[in-house]
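Engineer: What follows is the file upload01.txt, containing compact mmCIF, C-alpha atoms and all ligand atoms:
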# COMPACT_ATOMS: atom_id res chain seq x y z
CA MET X 1390 13.95 12.74 -10.72
CA ALA X 1391 12.44 9.26 -10.74
CA ALA X 1392 10.65 7.83 -7.67
CA PRO X 1393 10.18 4.25 -6.46
CA ILE X 1394 6.66 2.78 -6.34
CA SER X 1395 5.43 0.32 -3.79
CA ILE X 1396 2.26 -1.69 -4.48
CA ARG X 1397 1.22 -3.66 -1.40
CA GLY X 1398 -1.74 -6.00 -1.33
CA VAL X 1399 -3.58 -3.85 -3.85
CA SER X 1400 -6.84 -5.21 -5.26
CA ARG X 1401 -10.01 -3.77 -6.75
CA GLN X 1402 -13.55 -5.04 -6.97
CA PHE X 1403 -16.30 -3.40 -9.03
CA GLY X 1404 -19.62 -4.69 -7.69
CA GLU X 1405 -19.42 -8.48 -7.99
CA THR X 1406 -16.46 -8.36 -10.39
CA TRP X 1407 -12.85 -8.63 -9.27
CA ALA X 1408 -10.97 -6.38 -11.68
CA LEU X 1409 -7.66 -7.14 -9.97
CA GLN X 1410 -6.73 -9.63 -7.28
CA SER X 1411 -4.23 -8.79 -4.56
CA THR X 1412 -1.01 -7.55 -6.15
CA ASP X 1413 2.40 -6.80 -4.59
CA LEU X 1414 5.29 -5.15 -6.37
CA GLU X 1415 8.27 -3.04 -5.40
CA ILE X 1416 9.41 -0.89 -8.32
CA ALA X 1417 12.80 0.84 -8.17
CA ALA X 1418 13.24 4.49 -9.11
CA GLY X 1419 13.83 4.70 -12.84
CA GLU X 1420 12.61 1.19 -13.52
CA PHE X 1421 10.46 0.48 -16.60
CA ILE X 1422 7.63 -1.97 -15.91
CA ALA X 1423 5.44 -3.31 -18.72
CA LEU X 1424 1.97 -4.70 -17.98
CA VAL X 1425 0.83 -7.38 -20.42
CA GLY X 1426 -2.24 -9.58 -20.36
CA PRO X 1427 -5.61 -10.24 -21.95
CA SER X 1428 -8.35 -7.65 -22.21
CA GLY X 1429 -10.18 -7.06 -18.94
CA CYS X 1430 -7.43 -8.41 -16.64
CA GLY X 1431 -7.12 -5.16 -14.68
CA LYS X 1432 -4.15 -3.39 -16.30
CA THR X 1433 -5.88 -0.03 -16.65
CA THR X 1434 -7.39 -0.44 -13.19
CA LEU X 1435 -3.92 -0.92 -11.66
CA LEU X 1436 -2.59 2.12 -13.49
CA ARG X 1437 -5.56 4.18 -12.35
CA MET X 1438 -5.01 3.12 -8.73
CA VAL X 1439 -1.39 4.31 -8.92
CA ALA X 1440 -2.71 7.56 -10.44
CA ASP X 1441 -5.22 7.92 -7.59
CA LEU X 1442 -8.10 7.92 -10.07
CA VAL X 1443 -9.52 4.67 -8.64
CA ALA X 1444 -9.35 3.72 -4.95
CA PRO X 1445 -8.04 0.22 -4.13
CA SER X 1446 -10.52 -2.13 -2.40
CA THR X 1447 -7.59 -3.40 -0.30
CA GLY X 1448 -3.95 -2.45 0.08
CA GLU X 1449 -1.95 0.66 -0.56
CA VAL X 1450 0.14 2.35 -3.24
CA ARG X 1451 3.15 4.49 -2.25
CA ILE X 1452 5.18 6.69 -4.54
CA GLY X 1453 8.39 7.40 -2.68
CA ASN X 1454 7.17 8.41 0.77
CA ASP X 1455 3.85 9.68 -0.54
CA THR X 1456 0.47 8.02 -0.84
CA ALA X 1457 -1.00 8.00 -4.35
CA ALA X 1458 -3.24 10.93 -3.35
CA GLU X 1459 -0.29 12.97 -2.09
CA ALA X 1460 1.70 12.16 -5.23
CA ARG X 1461 -1.23 13.33 -7.32
CA ARG X 1462 -1.51 16.57 -5.36
CA LYS X 1463 2.23 17.16 -5.78
CA ARG X 1464 1.88 16.41 -9.49
CA LEU X 1465 4.54 13.72 -9.35
CA LEU X 1466 2.68 11.70 -11.98
CA GLY X 1467 2.32 12.00 -15.75
CA LEU X 1468 -0.50 10.05 -17.38
CA VAL X 1469 -0.94 9.03 -21.00
CA SER X 1470 -4.41 7.47 -21.03
CA GLN X 1471 -5.75 4.65 -23.15
CA ARG X 1472 -8.27 7.06 -24.65
CA PRO X 1473 -6.63 10.49 -24.64
CA ALA X 1474 -9.14 13.28 -24.95
CA VAL X 1475 -7.64 15.34 -27.74
CA LEU X 1476 -9.51 18.41 -28.81
CA PRO X 1477 -9.12 18.58 -32.61
CA TRP X 1478 -8.65 22.34 -32.64
CA LYS X 1479 -6.11 22.45 -29.82
CA ARG X 1480 -2.57 23.48 -30.77
CA ALA X 1481 0.32 21.17 -29.84
CA ILE X 1482 2.13 23.83 -27.86
CA ASP X 1483 -1.00 24.78 -25.91
CA ASP X 1484 -1.51 21.15 -24.98
CA VAL X 1485 1.97 21.05 -23.43
CA ARG X 1486 1.46 24.42 -21.72
CA PHE X 1487 -1.85 23.25 -20.30
CA THR X 1488 -0.18 20.39 -18.39
CA GLN X 1489 2.38 22.78 -16.98
CA LYS X 1490 -0.33 25.21 -15.97
CA ILE X 1491 -2.33 22.51 -14.17
CA ALA X 1492 0.84 21.28 -12.47
CA GLY X 1493 1.88 24.81 -11.55
CA ARG X 1494 5.33 23.81 -12.63
CA VAL X 1495 7.21 24.46 -15.83
CA GLY X 1496 9.57 21.52 -16.17
CA PHE X 1497 10.72 22.53 -19.62
CA ASP X 1498 10.28 25.22 -22.20
CA PRO X 1499 7.26 23.87 -24.17
CA ALA X 1500 8.80 24.68 -27.55
CA LYS X 1501 11.99 22.89 -26.51
CA VAL X 1502 10.09 19.79 -25.38
CA LEU X 1503 8.27 19.59 -28.71
CA ARG X 1504 11.50 20.18 -30.62
CA GLU X 1505 13.22 17.39 -28.72
CA PHE X 1506 10.26 15.16 -29.49
CA GLY X 1507 10.82 15.74 -33.22
CA LEU X 1508 7.92 18.14 -33.60
CA GLU X 1509 9.83 21.23 -34.66
CA GLY X 1510 7.73 23.27 -37.06
CA HIS X 1511 4.53 21.59 -35.83
CA GLU X 1512 4.22 23.42 -32.49
CA HIS X 1513 1.40 25.63 -33.67
CA LYS X 1514 -0.50 23.02 -35.64
CA ARG X 1515 -3.85 21.88 -34.35
CA ALA X 1516 -4.40 18.27 -33.27
CA ARG X 1517 -6.48 17.50 -36.37
CA GLN X 1518 -3.58 18.61 -38.60
CA LEU X 1519 -1.13 16.13 -37.04
CA SER X 1520 -0.52 12.48 -37.95
CA GLY X 1521 -1.32 9.74 -35.42
CA GLY X 1522 2.37 9.36 -34.58
CA MET X 1523 2.85 13.09 -34.09
CA LEU X 1524 -0.27 13.34 -31.97
CA GLN X 1525 0.94 10.55 -29.76
CA ARG X 1526 4.27 12.33 -29.30
CA VAL X 1527 2.36 15.46 -28.32
CA ASN X 1528 0.45 13.38 -25.75
CA ILE X 1529 3.67 12.03 -24.30
CA ALA X 1530 5.31 15.47 -24.38
CA SER X 1531 2.33 16.85 -22.46
CA ALA X 1532 2.51 14.06 -19.88
CA MET X 1533 6.23 14.75 -19.37
CA ALA X 1534 6.20 18.54 -19.66
CA HIS X 1535 6.19 19.21 -15.93
CA ASP X 1536 8.96 16.64 -15.38
CA PRO X 1537 6.97 14.08 -13.35
CA SER X 1538 8.80 11.39 -11.35
CA VAL X 1539 6.50 8.68 -12.62
CA LEU X 1540 4.98 8.11 -16.05
CA LEU X 1541 1.84 6.01 -16.37
CA MET X 1542 1.18 5.00 -19.97
CA ASP X 1543 -1.84 3.00 -21.09
CA GLU X 1544 -1.27 1.48 -24.54
CA PRO X 1545 0.34 4.71 -25.72
CA PHE X 1546 1.43 3.38 -29.12
CA ALA X 1547 -1.65 1.28 -29.92
CA ALA X 1548 -2.91 3.57 -32.67
CA LEU X 1549 0.33 3.43 -34.65
CA ASP X 1550 1.34 1.10 -37.47
CA GLU X 1551 4.14 -1.40 -36.82
CA MET X 1552 7.00 0.64 -38.32
CA LYS X 1553 5.99 3.85 -36.61
CA ARG X 1554 5.50 1.98 -33.39
CA GLU X 1555 9.04 0.56 -33.38
CA GLU X 1556 10.45 3.94 -34.31
CA ILE X 1557 8.61 5.78 -31.53
CA GLY X 1558 9.54 3.03 -29.05
CA GLU X 1559 13.24 3.45 -29.86
CA TRP X 1560 12.92 7.19 -29.59
CA PHE X 1561 11.14 6.91 -26.23
CA ASP X 1562 13.82 4.55 -24.89
CA ARG X 1563 16.52 7.12 -25.73
CA GLU X 1564 14.38 9.93 -24.32
CA LEU X 1565 14.12 8.12 -20.97
CA ALA X 1566 17.89 7.75 -20.84
CA LEU X 1567 18.12 11.55 -20.90
CA ARG X 1568 15.33 12.07 -18.34
CA PRO X 1569 14.99 8.97 -16.19
CA LYS X 1570 11.50 8.25 -14.91
CA THR X 1571 9.78 5.32 -13.30
CA VAL X 1572 7.43 3.99 -15.96
CA LEU X 1573 4.34 1.79 -15.84
CA PHE X 1574 3.50 0.91 -19.42
CA VAL X 1575 0.48 -1.12 -20.56
CA THR X 1576 0.75 -2.86 -23.92
CA HIS X 1577 -0.73 -5.79 -25.82
CA HIS X 1578 2.42 -5.95 -27.89
CA ILE X 1579 4.81 -8.51 -26.40
CA ASP X 1580 7.85 -7.56 -28.50
CA GLU X 1581 7.37 -3.91 -27.57
CA ALA X 1582 7.23 -4.81 -23.88
CA VAL X 1583 10.40 -6.94 -24.06
CA MET X 1584 12.18 -4.25 -26.05
CA LEU X 1585 11.40 -1.46 -23.58
CA ALA X 1586 10.94 -2.91 -20.10
CA ASP X 1587 13.21 -3.97 -17.27
CA ARG X 1588 10.43 -6.25 -16.01
CA LEU X 1589 7.13 -7.47 -17.41
CA LEU X 1590 4.10 -8.17 -15.26
CA VAL X 1591 2.19 -10.94 -16.99
CA PHE X 1592 -1.49 -11.06 -15.98
CA SER X 1593 -4.01 -13.88 -16.06
CA PRO X 1594 -7.43 -13.29 -17.62
CA SER X 1595 -10.23 -11.85 -15.53
CA PRO X 1596 -10.28 -11.94 -12.51
CA GLY X 1597 -6.85 -10.44 -13.11
CA ARG X 1598 -3.80 -11.44 -11.16
CA VAL X 1599 -0.07 -11.29 -11.83
CA VAL X 1600 1.01 -14.80 -12.83
CA GLU X 1601 4.69 -14.06 -13.39
CA VAL X 1602 7.17 -11.23 -13.27
CA VAL X 1603 9.64 -11.64 -16.14
CA SER X 1604 12.98 -9.76 -16.06
CA VAL X 1605 14.83 -8.46 -19.08
CA ASP X 1606 18.34 -8.06 -17.74
CA VAL X 1607 19.76 -5.92 -20.52
CA PRO X 1608 20.72 -2.26 -20.00
CA ARG X 1609 18.57 0.45 -21.58
CA PRO X 1610 18.47 2.19 -23.97
CA ARG X 1611 18.67 -0.88 -26.17
CA ASP X 1612 19.94 -1.09 -29.69
CA PRO X 1613 17.27 -2.06 -32.27
CA SER X 1614 19.41 -5.14 -33.00
CA PHE X 1615 18.33 -6.49 -29.58
CA ARG X 1616 15.21 -7.79 -31.40
CA GLN X 1617 17.43 -10.41 -33.04
CA ASP X 1618 19.24 -11.29 -29.80
CA PRO X 1619 18.62 -14.87 -28.60
CA ARG X 1620 17.72 -13.50 -25.12
CA PHE X 1621 15.02 -11.30 -26.67
CA VAL X 1622 13.61 -14.18 -28.71
CA ALA X 1623 13.58 -16.51 -25.69
CA ILE X 1624 11.90 -14.01 -23.34
CA ALA X 1625 9.25 -13.05 -25.91
CA ALA X 1626 8.51 -16.74 -26.55
CA HIS X 1627 8.24 -17.40 -22.80
CA VAL X 1628 5.79 -14.52 -22.30
CA ARG X 1629 3.76 -15.59 -25.33
CA GLY X 1630 3.60 -19.10 -23.86
CA LEU X 1631 2.39 -17.78 -20.50
CA LEU X 1632 -0.35 -15.74 -22.13
CA MET X 1633 -1.53 -18.51 -24.43
CA HIS X 1634 -1.53 -21.04 -21.64
CA LYS X 1635 -3.41 -18.73 -19.29
CA THR X 1636 -5.90 -17.72 -21.99
CA SER X 1637 -6.69 -21.32 -22.90
CA ASP X 1638 -7.08 -22.17 -19.20
CA ALA X 1639 -9.90 -19.66 -19.00
CA ALA X 1640 -11.65 -21.00 -22.11
N1 LIG X 1701 -15.34 1.90 -13.51
C1 LIG X 1701 -15.64 0.61 -13.62
N2 LIG X 1701 -16.83 0.13 -13.22
C2 LIG X 1701 -17.12 -1.17 -13.32
N3 LIG X 1701 -16.29 -2.09 -13.80
C3 LIG X 1701 -15.09 -1.69 -14.22
C4 LIG X 1701 -14.70 -0.31 -14.16
N4 LIG X 1701 -13.45 -0.21 -14.66
C5 LIG X 1701 -13.08 -1.46 -15.00
N5 LIG X 1701 -14.06 -2.35 -14.75
C6 LIG X 1701 -13.99 -3.80 -14.98
O1 LIG X 1701 -12.78 -4.28 -14.41
C7 LIG X 1701 -12.19 -5.26 -15.26
C8 LIG X 1701 -10.79 -4.81 -15.62
O2 LIG X 1701 -10.85 -3.66 -16.46
P1 LIG X 1701 -9.57 -2.90 -17.00
O3 LIG X 1701 -10.04 -1.73 -17.78
O4 LIG X 1701 -8.66 -2.67 -15.87
O5 LIG X 1701 -8.95 -4.00 -17.97
P2 LIG X 1701 -7.70 -3.92 -18.94
O6 LIG X 1701 -6.78 -5.01 -18.54
O7 LIG X 1701 -7.16 -2.55 -18.99
O8 LIG X 1701 -8.36 -4.32 -20.35
P3 LIG X 1701 -8.00 -3.78 -21.84
O9 LIG X 1701 -6.77 -4.53 -22.26
O10 LIG X 1701 -9.20 -4.19 -22.64
O11 LIG X 1701 -7.82 -2.31 -21.79
C9 LIG X 1701 -13.13 -5.44 -16.43
O12 LIG X 1701 -13.97 -6.52 -16.14
C10 LIG X 1701 -13.91 -4.15 -16.45
O13 LIG X 1701 -15.18 -4.33 -17.00
MG MG X 1702 -7.06 -1.09 -20.43
Spell out the structure here as structure tokens.
Ligand SMILES: Nc1ncnc2c1ncn2[C@@H]1O[C@H](COP(=O)(O)OP(=O)(O)OP(=O)(O)O)[C@@H](O)[C@H]1O
Ligand SMILES: [Mg+2]

Structural biologist:
Amino acid sequence: MAAPISIRGVSRQFGETWALQSTDLEIAAGEFIALVGPSGCGKTTLLRMVADLVAPSTGEVRIGNDTAAEARRKRLLGLVSQRPAVLPWKRAIDDVRFTQKIAGRVGFDPAKVLREFGLEGHEHKRARQLSGGMLQRVNIASAMAHDPSVLLMDEPFAALDEMKREEIGEWFDRELALRPKTVLFVTHHIDEAVMLADRLLVFSPSPGRVVEVVSVDVPRPRDPSFRQDPRFVAIAAHVRGLLMHKTSDAA
């Protein structure tokens, strides 16, 4: 079950530095939001405030009727971090089980989750025996294993080559159609964001602030041929323009 997220006047300062200026956004249940912007503009900070890992300096995050802290306690959130801590000797299936154990909730049979994620026959392999793409699917499977309402993903496909990245993006899009979740997804990859998201938050360079919210009004899951669609090309070009303009402003 997906949950709506409400971000109201949320900002964060670290010492003298403003990581993120006041941000407002109402996200519908099941919506996919991509966060794009230059390095250091506060994308991870925003994600971590929704996850209740960083406290906002001002404002409030709500997940459904819960505060971020309540949502965390209820294990409504699944997090795929920018730097996942993968123990090389840990087995794929144990990684999935671990999330369920922590959550105190078995959303799915761990072997079934891994099978559905295309990892059949790899369940008992250790992290160091898996390819980057497989490992990333294990990370996502673990984040989803207790069936969270919200998925927070910080550059989840960054370590993958272009082909693998498109493939896993298409797979993930279909996966979400089966199990709808509200998704906050950080990426530096504009085409990936346009392909996957309902809306893109485009950030300015540090001190970060949302300069524009760009909608992609095309139902998901999307056919790979959407990459050639004139709407796709126009939106990607618009976002690229925003980022280049904003980046050169800061220079
Ligand atoms: N725990 C922290 N203590 C101090 N400063 C921090 C902390 N976390 C983030 N910052 C600062 O806040 C700003 C935003 O950082 P953040 O990690 O949110 O950026 P980002 O948009 O995710 O960048 P990237 O694309 O490189 O991952 C940066 O200036 C960063 O140095
Ligand atoms: Mg980051």

Engineer: Taking only C-alpha atoms and all ligand atoms and a cut-off of 12 Å, can you tell me which residues surround ligand MG 1702 (chain X), written as a list in words?

Structural biologist: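 I would give the residues around ligand MG 1702 (chain X) as Ala1408, Leu1424, Val1425, Gly1426, Pro1427, Ser1428, Gly1429, Cys1430, Gly1431, Lys1432, Thr1433, Thr1434, Leu1435, Leu1436, Arg1437, Val1469, Ser1470, Gln1471, Arg1472, Met1542, Asp1543, Glu1544, Pro1545, Ala1547, Phe1574, Val1575, Thr1576, His1577 and Gly1597 of chain X.
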
Engineer: May I ask which of the residues X:Met1633, X:Ala1391, X:Ser1446, X:Val1607 is the closest one to Thr1406 (chain X), counting only C-alpha atoms?

Structural biologist: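 Of the candidates, the smallest distance to Thr1406 (chain X) is held by X:Ser1446.
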
Engineer: Which residue gives the smallest distance to Gly1419 (chain X) among X:Gly1507, X:Pro1537, X:Pro1569, X:Pro1499, with all atoms listed in the file counted?

Structural biologist: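 Selected residue with least distance to Gly1419 (chain X): X:Pro1569.
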
Engineer: Pick the closest to Phe1615 (chain X) from X:Met1584, X:Pro1596, X:Leu1468, X:Phe1497: which is it, counting only C-alpha atoms?

Structural biologist: X:Met1584

Engineer: Would you mind listing what lies within 9 Å of region 1503-1506 of chain X as a list of chain:residue names, with all atoms listed in the file counted and same-chain residues fewer than 3 positions away left out?

Structural biologist: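 The residues that qualify are X:Ala1481, X:Ile1482, X:Val1485, X:Asp1498, X:Pro1499, X:Ala1500, X:Glu1509, X:Gly1510, X:His1511, X:Glu1512, X:Met1523, X:Arg1526, X:Val1527, X:Ile1529, X:Ala1530, X:Trp1560, X:Phe1561, X:Glu1564.
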
Engineer: Keeping C-alpha atoms, export the residues of the selection given above as a PDB file, in the coordinates of the input.

Structural biologist:
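Saved as part02.pdb:
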ATOM      1  CA  ALA X1481       0.320  21.170 -29.840  1.00  0.00           C
ATOM      2  CA  ILE X1482       2.130  23.830 -27.860  1.00  0.00           C
ATOM      3  CA  VAL X1485       1.970  21.050 -23.430  1.00  0.00           C
ATOM      4  CA  ASP X1498      10.280  25.220 -22.200  1.00  0.00           C
ATOM      5  CA  PRO X1499       7.260  23.870 -24.170  1.00  0.00           C
ATOM      6  CA  ALA X1500       8.800  24.680 -27.550  1.00  0.00           C
ATOM      7  CA  GLU X1509       9.830  21.230 -34.660  1.00  0.00           C
ATOM      8  CA  GLY X1510       7.730  23.270 -37.060  1.00  0.00           C
ATOM      9  CA  HIS X1511       4.530  21.590 -35.830  1.00  0.00           C
ATOM     10  CA  GLU X1512       4.220  23.420 -32.490  1.00  0.00           C
ATOM     11  CA  MET X1523       2.850  13.090 -34.090  1.00  0.00           C
ATOM     12  CA  ARG X1526       4.270  12.330 -29.300  1.00  0.00           C
ATOM     13  CA  VAL X1527       2.360  15.460 -28.320  1.00  0.00           C
ATOM     14  CA  ILE X1529       3.670  12.030 -24.300  1.00  0.00           C
ATOM     15  CA  ALA X1530       5.310  15.470 -24.380  1.00  0.00           C
ATOM     16  CA  TRP X1560      12.920   7.190 -29.590  1.00  0.00           C
ATOM     17  CA  PHE X1561      11.140   6.910 -26.230  1.00  0.00           C
ATOM     18  CA  GLU X1564      14.380   9.930 -24.320  1.00  0.00           C
TER      19      GLU X1564
END

Engineer: Taking all atoms listed in the file into account, name the residue in X:His1513, X:Lys1479, X:Arg1462, X:Arg1598 that is nearest to ligand LIG 1701 (chain X).

Structural biologist: X:Arg1598

Engineer: Counting all atoms listed in the file, what is within 12 Å of Asp1550 (chain X), bar same-chain residues fewer than 6 positions away, as an NGL selection string?

Structural biologist: :X and (1520-1522 or 1556-1558 or 1578)

Engineer: Please dump the current selection as a short mmCIF file (atom, residue, chain, number, x, y, z; two decimals), keeping the file's coordinate frame; keep C-alpha atoms.

Structural biologist:
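Result went into out29.cif, see below:
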data_model
loop_
_atom_site.label_atom_id
_atom_site.label_comp_id
_atom_site.auth_asym_id
_atom_site.auth_seq_id
_atom_site.Cartn_x
_atom_site.Cartn_y
_atom_site.Cartn_z
CA SER X 1520 -0.52 12.48 -37.95
CA GLY X 1521 -1.32 9.74 -35.42
CA GLY X 1522 2.37 9.36 -34.58
CA GLU X 1556 10.45 3.94 -34.31
CA ILE X 1557 8.61 5.78 -31.53
CA GLY X 1558 9.54 3.03 -29.05
CA HIS X 1578 2.42 -5.95 -27.89
#

Engineer: Could you tell me how far CA of Lys1570 (chain X) sits from CA of Met1390 (chain X), in Å to one decimal place?

Structural biologist: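 Separating CA of Met1390 (chain X) from CA of Lys1570 (chain X) is a distance of 6.6 Å.
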
Engineer: Could you tell me which of X:Ser1531, X:Gln1518, X:Ser1593, X:Thr1488 comes closest to Leu1632 (chain X) if we count only C-alpha atoms?

Structural biologist: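 Of X:Ser1531, X:Gln1518, X:Ser1593, X:Thr1488, the one nearest Leu1632 (chain X) is X:Ser1593, counting only C-alpha atoms.
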
Engineer: Considering all atoms listed in the file, can you say which of X:Ala1516, X:Ile1396, X:Met1552, X:Val1583 comes closest to Ala1626 (chain X)?

Structural biologist: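 Looking only at the distances to Ala1626 (chain X), the closest residue turns out to be X:Val1583.
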
Engineer: Quick one, how far is CA of His1535 (chain X) from CA of Gln1489 (chain X)?

Structural biologist: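 Atom-to-atom, CA of His1535 (chain X) to CA of Gln1489 (chain X), that is 5.3 Å.
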
Engineer: So how far away is CA of Asp1587 (chain X) from atom C9 of ligand LIG 1701 (chain X), in Å?

Structural biologist: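 That distance, rounded to one decimal, is 26.4 Å.
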
Engineer: Hey, could you patch up region 1619-1630 of chain X with N, CA and C atoms and hand it over as a short mmCIF file (atom, residue, chain, number, x, y, z; two decimals), keeping the file's coordinate frame?

Structural biologist:
data_model
loop_
_atom_site.label_atom_id
_atom_site.label_comp_id
_atom_site.auth_asym_id
_atom_site.auth_seq_id
_atom_site.Cartn_x
_atom_site.Cartn_y
_atom_site.Cartn_z
N PRO X 1619 19.26 -13.63 -29.10
CA PRO X 1619 18.62 -14.87 -28.60
C PRO X 1619 17.89 -14.66 -27.27
N ARG X 1620 18.41 -13.75 -26.41
CA ARG X 1620 17.72 -13.50 -25.12
C ARG X 1620 16.35 -12.89 -25.38
N PHE X 1621 16.29 -11.94 -26.32
CA PHE X 1621 15.02 -11.30 -26.67
C PHE X 1621 14.03 -12.35 -27.16
N VAL X 1622 14.48 -13.17 -28.09
CA VAL X 1622 13.61 -14.18 -28.71
C VAL X 1622 13.09 -15.14 -27.63
N ALA X 1623 13.98 -15.55 -26.72
CA ALA X 1623 13.58 -16.51 -25.69
C ALA X 1623 12.57 -15.90 -24.71
N ILE X 1624 12.82 -14.64 -24.30
CA ILE X 1624 11.90 -14.01 -23.34
C ILE X 1624 10.53 -13.79 -23.98
N ALA X 1625 10.54 -13.29 -25.22
CA ALA X 1625 9.25 -13.05 -25.91
C ALA X 1625 8.47 -14.36 -26.06
N ALA X 1626 9.18 -15.44 -26.39
CA ALA X 1626 8.51 -16.74 -26.55
C ALA X 1626 7.95 -17.21 -25.21
N HIS X 1627 8.70 -17.00 -24.13
CA HIS X 1627 8.24 -17.40 -22.80
C HIS X 1627 6.96 -16.65 -22.42
N VAL X 1628 6.96 -15.34 -22.64
CA VAL X 1628 5.79 -14.52 -22.30
C VAL X 1628 4.59 -14.94 -23.15
N ARG X 1629 4.83 -15.16 -24.44
CA ARG X 1629 3.76 -15.59 -25.33
C ARG X 1629 3.16 -16.91 -24.82
N GLY X 1630 4.03 -17.81 -24.40
CA GLY X 1630 3.60 -19.10 -23.86
C GLY X 1630 2.73 -18.92 -22.63
#
